[in-house]
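A short write-up of the structure that comes next.
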Amino acid sequence: MASSRLDELAGRAGEWVGLSAAGAERYTGAVVGDRFDRIAWHDTYEQSAGLRELAAELNWHDGGNHGHTVDYDRTAEQDRTADREGVSDLLSDVFLAAYKVRPKLRERAEMVPARLVNHQVITSLVESPEFTELHRETAGDPYAAAMAVLAQAEALRRMLDHTWDARERAEQASRARAAAEAAATAVGEELRRAAGVAEEDGTVRAPAADAVRRAIEGAENAEATARQAALDAERAVATAAPGIRTAARNAVARAAETVRQEAALMRAWGVGSGELERMRFDERARLAERLRTGRLAEWAELIGRFRQMADGERARKVENAVGELVGVTLGDDLSRVIPSELANLGLPELRAVFAARYTAGELMLYDSQGEQATGKGAVIACVDTSHSMYEAGPGGVTREAWAKACALALLDQARHAGRDFVGILFSAADKIQVFRFPGDQPADTARVIDFAETFLGGGTSYQTPLSAAGELLREEFDDAGRARGDIVMLTDDDCGVTPEWMRSWNEAKHFLGFRVFGVAIGAPRVAGSDSVLDALCDNLRSIEDLTDVHAAADLFRVI
């Protein structure tokens, strides 16, 4: 070959030298994120065994040679590394799309060609109509975002299967682009060598000039190959796009339902967002698993409705202005006696009961804001857990489920008022379990669940739980000077008490000024006028429709 002028060689090589120097930065992640986002993903991944298992499964699933073209210039380890990196980037993108408050996707032209399929997947996820609903629950919450990733696992597996050709062609395009950039760099290197051996008049002798020309020819061929590979990859991704969009839409819908159900479950059990944010990832995962699989898991919706109803009743009390009626209290002011008490006067057999309550100052009276006495005592829910409480009523709701849901709402009621709450589970005379929740301390979620899920079985005894409740109120009065507590008896059975115990009970009730509310669940006879429960309670009602939480609404206006 002949020698050449250096300026001629430089003119031909200039395009490739400029191309190698001005190559645009390409990204492997489709979602734009800063270092804090990357830290959030890394920390969540390290804490979540589920995410690590999913990554390992997808890597194994993706690592076989599913009939794709073998590149003999690459080792098997290089192929496995590329697969792992692709899966890792995909999972990171799915997580960040759910986690970031305002996720922003990169343009396709900014992506490394090997990640074009990932870009299509993430674009399809974010553009799904259901994504807005999903994002409402996951934005800013790494745990919920991780749940969204895991809920889409099956769809991600299918997408990896169905996009093999597109991903292989995208990987080939990425390798071809890298080769073209390397070839362009080689042109610059050969040109610098030629300049180093050029004569004073700018002549470059044949060997060096030939090397520059060969480098330019190699760069031209590599660039043509890269462009064709990129075109093939774009076509393959476009062919796969409809299937990706369908799978993505189904995946987002499933993830939205999964995340929404868990959020509703947490709300139903009174676990607030602030408490969830303070939990470690593994702690929150264990809590969610316990709530999903516990004894009362199927009644989470009932528990949530009870708490929502109680919230509404509290709001009604707060909205009342000074001087308006806000509840019911005890006393002997006949001008404020509630209608149900006055109705007793119309029944000859109950007139003596009315007279006795009037004499003792224990008639149920309308209470108005501004007249409420200070120093209210604890709220105590005595929940019957005898075998008959297993019985289901309308809608399949068990008596136990209704009673526990009501008790949990009473726990909320006490906490909003700054009052202690005590849950007493009882059955036979020798079976009782007491759960105390001081009003000045946060309610431990695990302890609340223990209270809700414990079931003693056996028969029914009133004296044991009520004696325990009375003793707790006496201790509170002696220690803190607080009286006027409230006891709510939730049961489906009637049983006798001794005259001696009844006298002692009435004395304690009069001295401490506490009120007793009775709820007969699914057993109207227990609320009869001649029942023991009626004699024990200041206010008694019967609940027959166990799907109706509003049947107990007035309790939350009174207590």
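Note on naming: chains are A, B, ... as they come in the structure tokens, residues start from 1 per chain, ligands start from 1 in the order shown.
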
Enumerate, as an MDAnalysis selection string, the complete set of residues in stretch 303-423 of chain A that a backbone-based DSSP assignment places in alpha helix (DSSP H). chainID A and resid 303:319 339:343 348:360 399:416

When DSSP works through the backbone of this structure, what residues of stretch 331-379 of chain A end up as strand (DSSP E), shown as a PyMOL selection string? chain A and resi 331+363-368+379

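Using only C-alpha atoms for every distance, the candidate list A:Arg474, A:Arg484, A:Arg305, A:Arg503 yields A:Arg305 as the residue closest to A:Ala409.
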
Need to verify the contact set: A:Val271, 10 Å, only C-alpha atoms, exclusion of same-chain residues closer than 6 positions in sequence. Can you return it as an mmCIF file with N, CA and C atoms, in the first residue's frame?
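Wrote part-v6.cif, looks like this:
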```
data_model
loop_
_atom_site.group_PDB
_atom_site.id
_atom_site.type_symbol
_atom_site.label_atom_id
_atom_site.label_comp_id
_atom_site.auth_asym_id
_atom_site.auth_seq_id
_atom_site.Cartn_x
_atom_site.Cartn_y
_atom_site.Cartn_z
ATOM 1 N N ALA A 263 -52.842 -3.289 53.218
ATOM 2 C CA ALA A 263 -53.059 -1.977 53.829
ATOM 3 C C ALA A 263 -54.379 -1.955 54.595
ATOM 4 N N ALA A 264 -55.422 -2.542 53.995
ATOM 5 C CA ALA A 264 -56.720 -2.603 54.671
ATOM 6 C C ALA A 264 -56.635 -3.468 55.921
ATOM 7 N N LEU A 265 -55.864 -4.550 55.841
ATOM 8 C CA LEU A 265 -55.688 -5.435 56.990
ATOM 9 C C LEU A 265 -55.035 -4.678 58.145
ATOM 10 N N ALA A 443 -50.201 1.162 72.607
ATOM 11 C CA ALA A 443 -50.716 -0.213 72.654
ATOM 12 C C ALA A 443 -49.827 -1.105 71.790
ATOM 13 N N ASP A 444 -49.218 -2.107 72.408
ATOM 14 C CA ASP A 444 -48.354 -3.021 71.674
ATOM 15 C C ASP A 444 -49.197 -3.864 70.716
ATOM 16 N N THR A 445 -48.854 -3.791 69.436
ATOM 17 C CA THR A 445 -49.666 -4.470 68.425
ATOM 18 C C THR A 445 -49.729 -5.969 68.649
#
```

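In terms of minimum interatomic distance to A:Met364, A:Phe517 ranks closest within A:Trp299, A:Phe517, A:Phe437, A:Tyr99, counting only C-alpha atoms.
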
Counting only C-alpha atoms, what is within 9 Å of stretch 379-387 of chain A, bar same-chain residues fewer than 3 positions away, as a ChimeraX atom specification? /A:376,390-391,400,403-404,406-407,410-411,413-414,419-428,454-461,465-466,469,473,485-493,559

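Each of A:Ala356, A:Ala255, A:Ala446, A:Ala483 was checked against A:Arg286 using only C-alpha atoms; the smallest atom-to-atom distance is that of A:Ala446.
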
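Each of A:Arg169, A:Asp89, A:Arg175, A:Asp333 was compared to A:Glu223 using only C-alpha atoms, and A:Arg175 turns out to be the nearest.
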
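Closest approach to A:Ala248 among A:Arg290, A:Arg102, A:Arg158, A:Arg280 is made by A:Arg158 (distances from only C-alpha atoms).
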
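Put simply, atom CA of A:Glu234 is 15.0 Å away from atom CA of A:Thr123.
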
A:Ala109 surroundings by only C-alpha atoms, 12 Å radius, close-in-sequence under 5 positions cut, as number ranges by chain: A: 24-28, 30, 114-116, 119, 230, 234

Requested write-out: N, CA, C and O atoms of the selected residues, as a short mmCIF file (atom, residue, chain, number, x, y, z; two decimals), in the first residue's frame:
```
data_model
loop_
_atom_site.label_atom_id
_atom_site.label_comp_id
_atom_site.auth_asym_id
_atom_site.auth_seq_id
_atom_site.Cartn_x
_atom_site.Cartn_y
_atom_site.Cartn_z
N ALA A 24 -22.57 9.20 23.81
CA ALA A 24 -23.53 9.57 24.86
C ALA A 24 -23.55 8.50 25.95
O ALA A 24 -23.41 7.32 25.68
N GLU A 25 -23.74 8.96 27.20
CA GLU A 25 -23.81 8.02 28.30
C GLU A 25 -25.11 7.22 28.20
O GLU A 25 -26.18 7.76 27.96
N ARG A 26 -24.99 5.89 28.37
CA ARG A 26 -26.15 5.02 28.34
C ARG A 26 -26.38 4.43 29.73
O ARG A 26 -25.44 4.25 30.50
N TYR A 27 -27.65 4.13 30.02
CA TYR A 27 -28.03 3.68 31.37
C TYR A 27 -28.61 2.27 31.34
O TYR A 27 -29.23 1.86 30.35
N THR A 28 -28.43 1.57 32.44
CA THR A 28 -29.01 0.22 32.57
C THR A 28 -30.34 0.25 33.33
O THR A 28 -31.08 -0.74 33.31
N ALA A 30 -34.11 1.86 33.87
CA ALA A 30 -35.13 2.61 33.13
C ALA A 30 -35.73 3.74 33.96
O ALA A 30 -36.22 4.72 33.42
N ALA A 114 -29.09 -3.47 25.69
CA ALA A 114 -29.44 -4.72 26.36
C ALA A 114 -30.60 -4.56 27.33
O ALA A 114 -31.18 -5.56 27.77
N ARG A 115 -30.94 -3.32 27.68
CA ARG A 115 -32.02 -3.10 28.64
C ARG A 115 -33.28 -2.54 27.98
O ARG A 115 -34.17 -2.02 28.65
N LEU A 116 -33.37 -2.66 26.66
CA LEU A 116 -34.56 -2.16 25.96
C LEU A 116 -35.82 -2.92 26.38
O LEU A 116 -36.90 -2.34 26.49
N HIS A 119 -36.91 -1.67 29.67
CA HIS A 119 -37.56 -0.36 29.49
C HIS A 119 -39.00 -0.54 29.04
O HIS A 119 -39.91 0.16 29.52
N ALA A 230 -29.12 -3.01 16.17
CA ALA A 230 -30.06 -2.14 16.88
C ALA A 230 -31.43 -2.17 16.22
O ALA A 230 -32.47 -2.20 16.90
N GLU A 234 -34.87 -3.40 17.95
CA GLU A 234 -36.08 -2.57 18.01
C GLU A 234 -37.28 -3.32 17.46
O GLU A 234 -38.38 -3.26 18.02
#
```

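Closest approach to A:Leu191 among A:Ser388, A:Thr464, A:Gln152, A:Ser4: A:Ser4, based on only C-alpha atoms.
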